[in-house]
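**Q** entry14.txt is reproduced below (compact mmCIF, C-alpha atoms).
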# COMPACT_ATOMS: atom_id res chain seq x y z
CA MET E 6 130.10 127.78 192.57
CA LEU E 7 132.40 126.69 189.75
CA LYS E 8 130.39 125.87 186.64
CA LYS E 9 130.62 122.71 184.58
CA ARG E 10 131.99 123.70 181.19
CA VAL E 11 130.51 122.93 177.78
CA ILE E 12 133.29 122.89 175.18
CA PRO E 13 132.55 122.63 171.45
CA CYS E 14 135.28 120.82 169.56
CA LEU E 15 136.20 121.89 166.05
CA ASP E 16 138.30 119.60 163.87
CA VAL E 17 140.06 121.72 161.31
CA ARG E 18 141.52 120.26 158.11
CA ASN E 19 142.93 122.37 155.34
CA GLY E 20 141.43 125.50 156.84
CA ARG E 21 137.88 124.13 157.18
CA VAL E 22 135.98 122.65 160.12
CA THR E 23 135.15 119.02 159.35
CA LYS E 24 133.43 116.24 161.18
CA GLY E 25 133.69 112.53 160.68
CA VAL E 26 133.04 109.34 162.56
CA LYS E 27 136.24 107.66 163.71
CA PHE E 28 138.29 109.79 161.36
CA LYS E 29 136.26 108.73 158.32
CA ASN E 30 133.59 110.34 156.14
CA ASN E 31 134.60 113.92 156.81
CA VAL E 32 131.93 116.52 156.11
CA ASP E 33 132.75 120.21 155.55
CA LEU E 34 131.01 122.28 158.23
CA GLY E 35 132.34 125.77 157.66
CA ASP E 36 134.89 128.42 158.44
CA PRO E 37 136.68 127.98 161.80
CA VAL E 38 136.62 131.66 162.78
CA GLU E 39 132.93 132.09 161.92
CA MET E 40 132.04 128.95 163.85
CA ALA E 41 134.17 130.04 166.82
CA VAL E 42 132.30 133.34 166.97
CA ARG E 43 128.91 131.65 166.60
CA TYR E 44 129.62 129.18 169.44
CA SER E 45 131.20 131.83 171.65
CA ASP E 46 128.17 134.09 171.18
CA GLY E 47 125.92 131.07 171.70
CA GLY E 48 127.20 130.30 175.20
CA ALA E 49 130.23 128.03 174.80
CA ASP E 50 132.41 128.19 177.91
CA GLU E 51 135.58 127.38 176.02
CA LEU E 52 136.54 125.97 172.61
CA VAL E 53 138.98 123.35 171.44
CA PHE E 54 140.48 123.11 167.96
CA TYR E 55 142.14 119.91 166.85
CA ASP E 56 144.61 119.35 164.10
CA ILE E 57 144.70 122.91 162.82
CA THR E 58 146.78 122.30 159.76
CA ALA E 59 147.55 124.44 156.79
CA SER E 60 147.82 121.53 154.37
CA ALA E 61 147.14 117.83 154.59
CA GLU E 62 150.54 116.93 153.19
CA HIS E 63 152.93 118.99 155.23
CA ARG E 64 150.84 119.48 158.35
CA PRO E 65 152.36 122.57 159.94
CA ILE E 66 150.06 124.24 162.50
CA ASP E 67 148.12 127.05 160.90
CA ILE E 68 149.30 129.82 163.21
CA GLY E 69 147.45 132.41 161.14
CA MET E 70 144.21 130.67 161.94
CA VAL E 71 145.03 130.47 165.67
CA GLY E 72 145.65 134.22 165.60
CA ALA E 73 142.42 134.89 163.70
CA VAL E 74 140.41 132.90 166.26
CA ALA E 75 142.15 134.68 169.15
CA LYS E 76 141.27 138.01 167.61
CA ALA E 77 137.64 137.08 167.09
CA ILE E 78 136.58 135.52 170.42
CA ARG E 79 136.91 136.48 174.09
CA ILE E 80 136.67 133.05 175.68
CA PRO E 81 139.52 130.61 176.27
CA PHE E 82 140.45 128.07 173.62
CA ALA E 83 142.84 125.16 173.30
CA VAL E 84 144.69 123.90 170.24
CA GLY E 85 145.74 120.31 169.71
CA GLY E 86 147.21 118.26 166.93
CA GLY E 87 150.25 119.11 164.90
CA ILE E 88 152.28 120.11 167.96
CA SER E 89 155.66 118.43 168.01
CA SER E 90 157.84 120.56 170.30
CA VAL E 91 157.92 123.21 173.02
CA ALA E 92 158.66 125.70 170.23
CA ASP E 93 155.37 124.74 168.56
CA MET E 94 153.56 125.20 171.89
CA GLU E 95 155.08 128.63 172.23
CA ARG E 96 153.95 129.70 168.76
CA VAL E 97 150.38 128.58 169.49
CA ILE E 98 150.30 130.29 172.89
CA LEU E 99 151.84 133.52 171.61
CA ALA E 100 149.24 133.54 168.84
CA GLY E 101 146.59 133.75 171.56
CA ALA E 102 145.53 130.20 172.47
CA GLU E 103 145.09 129.64 176.22
CA LYS E 104 146.10 126.00 176.14
CA VAL E 105 147.84 123.44 173.99
CA SER E 106 146.79 119.83 173.92
CA VAL E 107 149.23 116.99 173.38
CA ASN E 108 148.28 113.36 172.82
CA SER E 109 150.40 110.94 170.75
CA LEU E 110 153.40 113.23 171.17
CA ALA E 111 153.22 112.88 174.96
CA VAL E 112 153.01 109.08 174.70
CA ARG E 113 156.19 109.06 172.62
CA ASN E 114 157.89 111.71 174.75
CA PRO E 115 156.26 112.21 178.19
CA ASP E 116 158.86 114.85 179.10
CA ILE E 117 157.17 117.25 176.70
CA ILE E 118 154.45 117.66 179.37
CA ALA E 119 156.97 118.71 182.01
CA GLU E 120 158.85 120.94 179.59
CA GLY E 121 155.64 122.66 178.51
CA ALA E 122 154.44 123.09 182.09
CA ARG E 123 157.77 124.60 183.10
CA ALA E 124 157.77 126.99 180.17
CA PHE E 125 154.15 128.14 180.22
CA GLY E 126 152.56 126.87 183.45
CA ALA E 127 150.60 123.67 184.00
CA GLN E 128 147.33 125.47 183.22
CA CYS E 129 148.47 125.76 179.58
CA ILE E 130 149.21 122.07 179.07
CA VAL E 131 146.33 119.71 178.35
CA LEU E 132 146.87 115.98 177.97
CA GLY E 133 144.50 114.44 175.46
CA MET E 134 144.13 110.68 175.67
CA ASP E 135 142.25 108.17 173.50
CA PRO E 136 141.49 105.15 175.70
CA VAL E 137 139.78 102.04 174.36
CA LYS E 138 138.28 99.12 176.32
CA SER E 139 140.92 96.44 176.53
CA GLY E 140 141.68 93.25 178.37
CA ARG E 141 145.38 94.02 178.34
CA THR E 142 145.55 96.59 181.15
CA ALA E 143 144.61 96.69 184.84
CA SER E 144 141.96 99.40 184.54
CA GLY E 145 140.38 97.74 181.51
CA TYR E 146 141.28 100.69 179.28
CA GLU E 147 144.29 101.00 177.02
CA ILE E 148 145.79 104.09 175.44
CA THR E 149 145.72 104.32 171.66
CA THR E 150 147.61 106.85 169.59
CA ARG E 151 147.70 108.38 166.14
CA GLY E 152 143.96 108.71 165.82
CA PHE E 153 143.10 105.30 167.30
CA ARG E 154 145.41 103.55 164.84
CA GLU E 155 148.01 102.24 167.27
CA PHE E 156 147.62 100.37 170.55
CA THR E 157 150.26 101.12 173.15
CA GLY E 158 149.66 98.57 175.90
CA MET E 159 149.62 101.51 178.36
CA ASP E 160 147.00 101.58 181.09
CA ALA E 161 144.79 104.65 180.66
CA VAL E 162 144.42 105.44 184.37
CA GLU E 163 148.12 105.01 185.07
CA TRP E 164 148.95 107.25 182.13
CA ALA E 165 146.56 109.94 183.40
CA LYS E 166 148.19 109.89 186.82
CA ARG E 167 151.66 110.08 185.34
CA ALA E 168 150.70 112.95 183.05
CA ALA E 169 149.20 114.92 185.95
CA ASP E 170 152.39 114.30 187.97
CA LEU E 171 154.47 115.53 185.04
CA GLY E 172 152.49 118.77 184.98
CA ALA E 173 149.44 118.38 182.75
CA GLY E 174 146.92 120.95 184.01
CA GLU E 175 143.90 119.21 182.57
CA ILE E 176 143.12 115.83 181.03
CA VAL E 177 140.76 115.20 178.13
CA VAL E 178 139.45 111.63 178.16
CA ASN E 179 138.29 110.87 174.63
CA SER E 180 136.76 107.42 174.54
CA VAL E 181 137.51 105.55 171.34
CA ASP E 182 134.49 103.31 171.91
CA ALA E 183 132.08 106.23 172.30
CA ASP E 184 133.62 108.65 169.80
CA GLY E 185 131.25 109.54 167.02
CA THR E 186 128.44 107.28 168.26
CA ARG E 187 126.36 110.09 169.77
CA GLU E 188 125.08 107.50 172.24
CA GLY E 189 126.55 109.10 175.34
CA PHE E 190 129.93 109.48 177.03
CA GLU E 191 131.89 106.48 178.27
CA LEU E 192 131.16 107.02 181.95
CA ASP E 193 133.43 104.37 183.46
CA ILE E 194 136.77 105.59 182.10
CA THR E 195 135.79 109.22 182.67
CA ARG E 196 135.03 108.49 186.32
CA LEU E 197 138.14 106.32 186.78
CA VAL E 198 140.38 109.14 185.55
CA ALA E 199 138.47 111.87 187.41
CA GLU E 200 138.89 109.95 190.66
CA ALA E 201 142.56 109.17 190.00
CA VAL E 202 143.90 112.67 189.30
CA ASP E 203 143.76 116.02 191.10
CA VAL E 204 143.46 118.08 187.93
CA PRO E 205 140.24 118.83 186.03
CA VAL E 206 138.98 116.13 183.67
CA VAL E 207 137.19 116.81 180.40
CA ALA E 208 134.88 114.09 179.05
CA SER E 209 134.96 113.61 175.30
CA GLY E 210 133.37 111.35 172.72
CA GLY E 211 129.77 110.26 172.41
CA ALA E 212 127.75 113.39 173.21
CA GLY E 213 124.49 113.12 171.26
CA LYS E 214 121.88 114.86 173.37
CA PRO E 215 121.76 117.27 176.32
CA GLY E 216 121.00 114.49 178.80
CA HIS E 217 124.37 112.91 178.03
CA LEU E 218 126.11 115.93 179.51
CA VAL E 219 123.89 115.91 182.57
CA THR E 220 124.81 112.25 183.11
CA VAL E 221 128.56 112.65 182.67
CA PHE E 222 128.63 115.60 185.10
CA ARG E 223 126.45 113.92 187.69
CA GLU E 224 127.71 110.35 187.47
CA ALA E 225 131.26 110.48 186.15
CA LYS E 226 132.63 113.54 188.00
CA ALA E 227 133.71 115.32 184.82
CA ASP E 228 134.60 119.00 185.16
CA ALA E 229 133.87 119.78 181.53
CA ALA E 230 132.48 117.99 178.49
CA ILE E 231 133.21 118.24 174.80
CA VAL E 232 130.42 118.41 172.24
CA ALA E 233 130.75 118.21 168.48
CA GLY E 234 128.34 116.55 166.06
CA MET E 235 125.23 117.22 168.13
CA ILE E 236 125.72 120.96 167.74
CA HIS E 237 127.61 121.03 164.44
CA PHE E 238 124.70 119.49 162.55
CA GLY E 239 122.12 121.71 164.24
CA ASP E 240 120.35 119.02 166.25
CA TYR E 241 120.86 121.04 169.42
CA SER E 242 122.16 124.46 170.40
CA ILE E 243 124.53 125.14 173.28
CA ALA E 244 121.60 126.93 174.94
CA ASP E 245 119.56 123.69 174.71
CA ILE E 246 122.36 121.77 176.41
CA LYS E 247 122.79 124.37 179.14
CA ALA E 248 119.07 124.62 179.80
CA ALA E 249 118.98 120.86 180.40
CA MET E 250 122.03 121.01 182.68
CA HIS E 251 120.60 123.91 184.64
CA ALA E 252 117.21 122.22 184.98
CA ALA E 253 118.94 119.10 186.33
CA GLY E 254 120.79 121.11 188.96
CA VAL E 255 124.22 120.97 187.31
CA PRO E 256 126.12 124.24 188.00
CA THR E 257 125.96 125.95 184.61
CA ARG E 258 126.96 129.37 183.26
CA MET E 259 123.61 130.67 182.07
CA SER E 260 124.35 134.24 180.92
CA TRP E 261 126.68 135.16 178.13
CA MET M 17 147.72 155.38 175.93
CA THR M 18 147.35 152.28 178.07
CA ALA M 19 150.54 150.46 179.03
CA ILE M 20 150.44 146.67 179.49
CA ILE M 21 153.36 145.75 181.71
CA ASP M 22 155.47 142.90 180.31
CA TYR M 23 157.49 141.27 183.07
CA LYS M 24 157.83 137.80 181.50
CA ALA M 25 154.96 136.40 183.57
CA GLY M 26 152.75 134.73 181.05
CA ASN M 27 151.26 135.46 177.72
CA LEU M 28 149.97 138.96 177.05
CA THR M 29 148.34 138.25 173.69
CA SER M 30 144.81 137.83 175.09
CA VAL M 31 145.01 141.04 177.10
CA LYS M 32 146.29 142.97 174.11
CA LEU M 33 143.61 141.52 171.81
CA ALA M 34 140.79 142.27 174.27
CA PHE M 35 141.77 145.94 174.47
CA ALA M 36 142.16 146.01 170.68
CA ALA M 37 138.60 144.67 170.38
CA LEU M 38 137.49 147.78 172.29
CA GLY M 39 139.50 150.03 169.98
CA ALA M 40 141.89 151.00 172.78
CA GLU M 41 145.50 151.80 171.99
CA THR M 42 147.93 149.81 174.08
CA VAL M 43 151.65 149.41 174.33
CA VAL M 44 153.24 146.26 175.76
CA THR M 45 156.31 147.41 177.64
CA SER M 46 159.00 146.59 180.20
CA ASP M 47 160.24 150.19 180.24
CA PRO M 48 159.65 152.14 183.49
CA LYS M 49 159.57 155.40 181.51
CA ALA M 50 156.80 154.14 179.23
CA ILE M 51 154.83 153.02 182.28
CA ALA M 52 155.29 156.43 183.92
CA ALA M 53 154.17 158.15 180.71
CA ALA M 54 151.02 156.03 180.23
CA ASP M 55 147.53 157.27 181.14
CA ARG M 56 146.49 153.85 182.34
CA VAL M 57 148.40 150.75 183.34
CA VAL M 58 147.47 147.08 183.07
CA PHE M 59 149.39 144.59 185.19
CA PRO M 60 148.60 141.05 183.99
CA GLY M 61 150.35 137.89 185.06
CA VAL M 62 150.16 134.12 184.96
CA GLY M 63 152.56 131.75 186.64
CA ALA M 64 154.43 131.65 189.92
CA ALA M 65 154.81 134.50 192.42
CA LYS M 66 158.53 134.02 193.02
CA SER M 67 159.62 134.12 189.40
CA ALA M 68 157.30 137.08 188.81
CA MET M 69 158.86 139.04 191.70
CA ASP M 70 162.39 138.08 190.59
CA SER M 71 161.56 139.24 187.10
CA LEU M 72 160.09 142.57 188.28
CA ARG M 73 163.27 143.23 190.26
CA SER M 74 165.67 142.26 187.50
CA LEU M 75 163.78 144.46 185.03
CA GLY M 76 163.87 147.36 187.51
CA LEU M 77 160.07 147.61 187.51
CA VAL M 78 159.18 147.45 191.22
CA GLU M 79 159.08 151.22 191.77
CA ALA M 80 157.35 151.86 188.45
CA VAL M 81 154.55 149.44 189.36
CA LYS M 82 154.18 150.92 192.86
CA GLU M 83 154.07 154.42 191.47
CA ALA M 84 151.52 153.55 188.77
CA ALA M 85 149.33 151.67 191.26
CA SER M 86 148.96 154.77 193.41
CA ALA M 87 148.88 157.46 190.72
CA LYS M 88 146.74 156.33 187.79
CA PRO M 89 143.97 153.99 186.69
CA PHE M 90 145.58 150.60 187.27
CA LEU M 91 144.22 147.15 186.45
CA GLY M 92 145.79 144.02 187.97
CA ILE M 93 144.83 140.62 186.59
CA CYS M 94 145.30 137.18 188.19
CA LEU M 95 148.94 136.93 189.39
CA GLY M 96 149.07 140.67 188.73
CA MET M 97 146.53 141.05 191.55
CA GLN M 98 148.14 138.54 193.90
CA ILE M 99 151.60 140.09 193.92
CA LEU M 100 150.18 143.52 194.82
CA PHE M 101 149.76 142.09 198.33
CA ASP M 102 152.28 141.71 201.15
CA HIS M 103 153.12 138.05 200.95
CA SER M 104 152.36 134.84 199.08
CA GLU M 105 152.80 131.36 200.50
CA GLU M 106 153.67 130.10 196.99
CA ASP M 107 157.19 128.64 196.46
CA GLY M 108 157.75 128.32 200.22
CA GLY M 109 156.90 131.97 200.89
CA VAL M 110 157.55 135.08 198.81
CA ASP M 111 157.47 138.72 199.85
CA CYS M 112 155.50 140.61 197.24
CA LEU M 113 154.94 144.27 196.41
CA GLY M 114 153.02 145.22 199.57
CA ILE M 115 150.89 147.79 197.77
CA LEU M 116 147.82 146.24 199.43
CA PRO M 117 147.67 144.60 202.85
CA GLY M 118 147.02 140.89 202.89
CA ARG M 119 148.23 137.43 202.11
CA VAL M 120 148.02 134.97 199.26
CA ARG M 121 147.33 131.36 200.18
CA ARG M 122 146.96 128.03 198.40
CA PHE M 123 143.54 126.42 198.10
CA PRO M 124 143.33 123.54 200.58
CA ASP M 125 143.45 120.04 199.10
CA GLY M 126 140.21 118.14 199.29
CA ALA M 127 138.35 115.27 197.72
CA GLY M 128 135.49 117.40 196.42
CA TRP M 129 137.43 119.75 194.16
CA LYS M 130 140.35 120.00 191.76
CA ILE M 131 143.29 122.40 191.96
CA PRO M 132 143.74 124.68 190.06
CA GLN M 133 140.28 126.11 189.86
CA ILE M 134 139.71 126.30 186.11
CA GLY M 135 136.54 127.73 184.65
CA TRP M 136 133.65 130.09 185.14
CA ASN M 137 132.60 131.01 188.64
CA GLU M 138 130.09 133.51 189.92
CA ILE M 139 131.13 136.41 192.09
CA PHE M 140 129.44 138.16 194.97
CA ALA M 141 129.71 141.93 194.81
CA ASN M 142 127.61 144.46 196.64
CA ASP M 143 130.21 147.17 196.76
CA PRO M 144 129.64 150.43 194.86
CA ARG M 145 133.42 150.65 194.27
CA ALA M 146 133.35 147.50 192.14
CA PHE M 147 133.24 147.44 188.34
CA VAL M 148 131.36 144.18 188.68
CA LYS M 149 127.90 143.04 189.75
CA ASN M 150 126.55 140.38 192.03
CA TYR M 151 126.33 136.95 190.31
CA ASP M 152 128.45 137.99 187.32
CA GLU M 153 130.31 134.93 185.98
CA TYR M 154 133.98 135.23 185.08
CA TYR M 155 136.75 132.89 183.94
CA PHE M 156 139.24 131.87 186.65
CA VAL M 157 142.49 129.87 186.47
CA HIS M 158 144.41 129.73 189.75
CA SER M 159 145.68 127.57 192.61
CA TYR M 160 146.35 130.44 195.03
CA TYR M 161 143.95 133.10 196.29
CA VAL M 162 143.99 136.43 198.09
CA GLU M 163 142.36 136.38 201.52
CA LYS M 164 139.49 138.75 202.14
CA ASN M 165 140.84 142.17 203.12
CA PRO M 166 139.60 145.75 203.57
CA TYR M 167 139.88 146.43 199.83
CA THR M 168 137.93 143.36 198.71
CA VAL M 169 134.98 144.46 196.56
CA ALA M 170 133.97 141.05 195.23
CA THR M 171 134.38 137.49 196.45
CA ALA M 172 133.89 134.03 195.01
CA CYS M 173 133.81 130.57 196.57
CA TYR M 174 135.94 127.53 195.79
CA ALA M 175 137.44 124.66 197.75
CA GLY M 176 135.39 125.66 200.78
CA VAL M 177 137.00 129.12 200.82
CA GLU M 178 135.39 132.51 200.18
CA PHE M 179 138.26 134.38 198.54
CA THR M 180 138.90 137.79 197.01
CA ALA M 181 137.68 137.92 193.41
CA ALA M 182 138.38 141.64 193.04
CA VAL M 183 139.85 144.55 194.98
CA ARG M 184 139.57 148.28 194.57
CA LYS M 185 141.57 151.06 196.18
CA GLY M 186 141.06 154.44 194.58
CA ASP M 187 141.83 154.06 190.89
CA LEU M 188 143.45 150.68 191.45
CA PHE M 189 141.22 147.75 190.50
CA ALA M 190 142.45 144.18 190.39
CA ALA M 191 140.76 140.88 189.68
CA GLN M 192 141.64 137.26 190.30
CA PHE M 193 139.64 136.28 187.22
CA HIS M 194 140.51 137.04 183.59
CA PRO M 195 138.30 139.81 182.18
CA GLU M 196 140.12 139.42 178.85
CA LYS M 197 138.78 135.85 178.61
CA SER M 198 135.36 136.39 180.17
CA GLY M 199 133.26 137.10 177.11
CA LYS M 200 131.04 140.15 176.93
CA LEU M 201 131.03 140.73 180.69
CA GLY M 202 134.80 140.84 180.73
CA LEU M 203 134.86 143.30 177.86
CA SER M 204 132.41 145.58 179.66
CA LEU M 205 134.69 145.53 182.70
CA LEU M 206 137.65 146.55 180.52
CA ARG M 207 135.50 149.26 178.95
CA ALA M 208 134.65 150.61 182.42
CA PHE M 209 138.34 150.62 183.30
CA LEU M 210 139.10 152.61 180.14
CA LYS M 211 136.49 155.16 181.18
CA THR M 212 138.05 155.80 184.59
CA PRO M 213 139.02 159.47 184.41
CA VAL M 214 142.75 160.07 184.23
CA ARG M 215 143.90 162.39 187.02
Could you write out this structure as structure tokens?

**A**
Amino acid sequence: MLKKRVIPCLDVRNGRVTKGVKFKNNVDLGDPVEMAVRYSDGGADELVFYDITASAEHRPIDIGMVGAVAKAIRIPFAVGGGISSVADMERVILAGAEKVSVNSLAVRNPDIIAEGARAFGAQCIVLGMDPVKSGRTASGYEITTRGFREFTGMDAVEWAKRAADLGAGEIVVNSVDADGTREGFELDITRLVAEAVDVPVVASGGAGKPGHLVTVFREAKADAAIVAGMIHFGDYSIADIKAAMHAAGVPTRMSW
Amino acid sequence: MTAIIDYKAGNLTSVKLAFAALGAETVVTSDPKAIAAADRVVFPGVGAAKSAMDSLRSLGLVEAVKEAASAKPFLGICLGMQILFDHSEEDGGVDCLGILPGRVRRFPDGAGWKIPQIGWNEIFANDPRAFVKNYDEYYFVHSYYVEKNPYTVATACYAGVEFTAAVRKGDLFAAQFHPEKSGKLGLSLLRAFLKTPVR
């Protein structure tokens, strides 16, 4: 049986993994390659790196770091943030990342999804979306961009469907309302998207304890879930999370 | 020397890096002579069957792959396993290499699962020819699968189908999953492949 994936997320700024709440109060957590190895050895099913940038000012993707991670770990990883073209996607993929994630870029230019899928296969193209509860759209969730700073008026569920049609191989639903709260995933929007699209859906934002993953897999039909603060600060290990999932009957990869 | 065949079907970086992690020397090549000269051959592949077959033909690699698959330790991965078979129903139907008998089909659509299958799945293997063990978990990414056939040495289940996870015929081993992305288990599979005696 296909296992539900646990995916640690590492936000990388200026060569260091950082963690903040709603893009504020960033704390330095360590070296990206060392953390990738630690999580990979600790049972992560996949990793995602966001905003791998070489410098805050110029913001080119740090391809050297992508290559160093690819060299160090033997599980799949995705890279998002800082990608502005198919050429950028190609550099990231050739450096050894399995997948690239596009978010604001795809809102501005949806064709980038189709172009990326044509060039590298749909399985390489992940759509990241940052929905927020909103009275302005039919589903009750609206897409924000640029790190929650801009509201687009776009319906989150409609956008997910369109992105999947364009060729996104996977959709990460990162709830703005839940992000950084550690009070659990936003189940409603995760389920709405999971039921609307045929591609795998990754729940993101709000994971604070192992039970939150159990709930999002059981009740919101997520195929994978992203964890960050709850493991970065040492409150829980990936093994703790997986033990809880396994005990609850969620299909879980238990040997690594 | 192990040759990794480059036929413009997906990214070879992960495969190259996984062998490098084992200290194995590899050469990424589209040259039939280099493939013929190699001790071992790896045949990866991600993407669509038709473009992969077109690309093999235009690079003049069809005979080199057939020859290597019957003459030396040979490892097919993902699409590189699928196109070893007779025929794929991808892209409206594509004749493939026909090195192994069997067909490649698309997972049926259904409400209970997503296509492609992406992630870790367990395999069922009770065959002494396999490099793999029962209940090993490997990383899969695919929408099409190889039907069970006489050379199937491991299966897995998805979308209500029990499909071929790995095949073995002599020194040819091929897997639907990605050993290069399957953590320590995947590395031990690659290590076992590297230990296959060269004839």

**Q** Emit as AutoDock Vina command-line options the padded axis-aligned box for all listed atoms of segment 45-54 of chain M, 3 Å per side, with centre and edge lengths in Å to one decimal.

**A**
--center_x 155.6 --center_y 152.4 --center_z 180.8 --size_x 15.2 --size_y 17.6 --size_z 12.3

**Q** Would you give me, as a Markdown table, each residue of segment 30-124 of chain E having an atom within 12 Å of an atom of segment 136-141 of chain M, along with its shortest atom pair and that distance in Å to one decimal, using all atoms listed in the file and sorting by chain and residue number?

**A**
| residue | atom | partner | partner_atom | distance |
| --- | --- | --- | --- | --- |
| E:Gly48 | CA | M:Trp136 | CA | 11.9 |
| E:Ala49 | CA | M:Trp136 | CA | 11.1 |
| E:Asp50 | CA | M:Trp136 | CA | 7.6 |
| E:Glu51 | CA | M:Trp136 | CA | 9.7 |
| E:Ile80 | CA | M:Trp136 | CA | 10.4 |
| E:Pro81 | CA | M:Trp136 | CA | 10.6 |

**Q** Specify as an MDAnalysis selection string all residues of chain M found within 8 Å of chain E, counting only C-alpha atoms.

**A** chainID M and resid 26:30 33:34 37 62:63 129:138 153 157 172:174 196:201

**Q** For the atom pair atom CA of Glu163 of chain E and atom CA of Ser180 of chain E, what is the interatomic distance in Å to one decimal place?

**A**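 It comes out at 15.7 Å.
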
**Q** Which residues, written as a list in words, have at least one atom at most 9 Å from Leu210 of chain M, with all atoms listed in the file counted and residues fewer than 5 positions away on the same chain left out?

**A**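 After dropping sequence-adjacent residues, the list is Thr18, Ala40, Arg56, Pro89 and Leu205 of chain M.
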
**Q** Write segment 188-193 of chain M as a PDB file, in the frame of the given file, completed to all heavy atoms.

**A**
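Output (out_21.pdb):
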ATOM      1  N   LEU M 188     142.897 152.022 191.638  1.00  0.00           N
ATOM      2  CA  LEU M 188     143.450 150.680 191.450  1.00  0.00           C
ATOM      3  C   LEU M 188     142.312 149.668 191.529  1.00  0.00           C
ATOM      4  O   LEU M 188     141.574 149.638 192.517  1.00  0.00           O
ATOM      5  CB  LEU M 188     144.494 150.393 192.522  1.00  0.00           C
ATOM      6  CG  LEU M 188     145.211 149.034 192.520  1.00  0.00           C
ATOM      7  CD1 LEU M 188     146.478 149.126 193.374  1.00  0.00           C
ATOM      8  CD2 LEU M 188     144.359 147.896 193.018  1.00  0.00           C
ATOM      9  N   PHE M 189     142.166 148.874 190.482  1.00  0.00           N
ATOM     10  CA  PHE M 189     141.220 147.750 190.500  1.00  0.00           C
ATOM     11  C   PHE M 189     142.001 146.523 190.101  1.00  0.00           C
ATOM     12  O   PHE M 189     142.848 146.562 189.202  1.00  0.00           O
ATOM     13  CB  PHE M 189     140.076 147.998 189.504  1.00  0.00           C
ATOM     14  CG  PHE M 189     139.067 146.877 189.466  1.00  0.00           C
ATOM     15  CD1 PHE M 189     137.996 146.863 190.356  1.00  0.00           C
ATOM     16  CD2 PHE M 189     139.199 145.836 188.561  1.00  0.00           C
ATOM     17  CE1 PHE M 189     137.063 145.818 190.335  1.00  0.00           C
ATOM     18  CE2 PHE M 189     138.277 144.784 188.537  1.00  0.00           C
ATOM     19  CZ  PHE M 189     137.215 144.786 189.420  1.00  0.00           C
ATOM     20  N   ALA M 190     141.755 145.410 190.774  1.00  0.00           N
ATOM     21  CA  ALA M 190     142.450 144.180 190.390  1.00  0.00           C
ATOM     22  C   ALA M 190     141.513 143.005 190.574  1.00  0.00           C
ATOM     23  O   ALA M 190     140.671 142.994 191.482  1.00  0.00           O
ATOM     24  CB  ALA M 190     143.720 143.994 191.222  1.00  0.00           C
ATOM     25  N   ALA M 191     141.656 142.032 189.690  1.00  0.00           N
ATOM     26  CA  ALA M 191     140.760 140.880 189.680  1.00  0.00           C
ATOM     27  C   ALA M 191     141.551 139.579 189.666  1.00  0.00           C
ATOM     28  O   ALA M 191     142.587 139.484 188.997  1.00  0.00           O
ATOM     29  CB  ALA M 191     139.836 140.933 188.472  1.00  0.00           C
ATOM     30  N   GLN M 192     141.052 138.593 190.373  1.00  0.00           N
ATOM     31  CA  GLN M 192     141.640 137.260 190.300  1.00  0.00           C
ATOM     32  C   GLN M 192     141.277 136.589 188.974  1.00  0.00           C
ATOM     33  O   GLN M 192     142.047 135.816 188.426  1.00  0.00           O
ATOM     34  CB  GLN M 192     141.125 136.406 191.469  1.00  0.00           C
ATOM     35  CG  GLN M 192     141.654 134.992 191.487  1.00  0.00           C
ATOM     36  CD  GLN M 192     143.157 134.966 191.586  1.00  0.00           C
ATOM     37  OE1 GLN M 192     143.749 135.410 192.559  1.00  0.00           O
ATOM     38  NE2 GLN M 192     143.826 134.461 190.545  1.00  0.00           N
ATOM     39  N   PHE M 193     140.098 136.902 188.464  1.00  0.00           N
ATOM     40  CA  PHE M 193     139.640 136.280 187.220  1.00  0.00           C
ATOM     41  C   PHE M 193     140.252 137.007 186.010  1.00  0.00           C
ATOM     42  O   PHE M 193     140.960 138.010 186.163  1.00  0.00           O
ATOM     43  CB  PHE M 193     138.110 136.296 187.148  1.00  0.00           C
ATOM     44  CG  PHE M 193     137.493 137.650 187.367  1.00  0.00           C
ATOM     45  CD1 PHE M 193     137.401 138.565 186.336  1.00  0.00           C
ATOM     46  CD2 PHE M 193     137.010 138.014 188.625  1.00  0.00           C
ATOM     47  CE1 PHE M 193     136.843 139.815 186.529  1.00  0.00           C
ATOM     48  CE2 PHE M 193     136.441 139.270 188.830  1.00  0.00           C
ATOM     49  CZ  PHE M 193     136.363 140.176 187.785  1.00  0.00           C
TER      50      PHE M 193
END
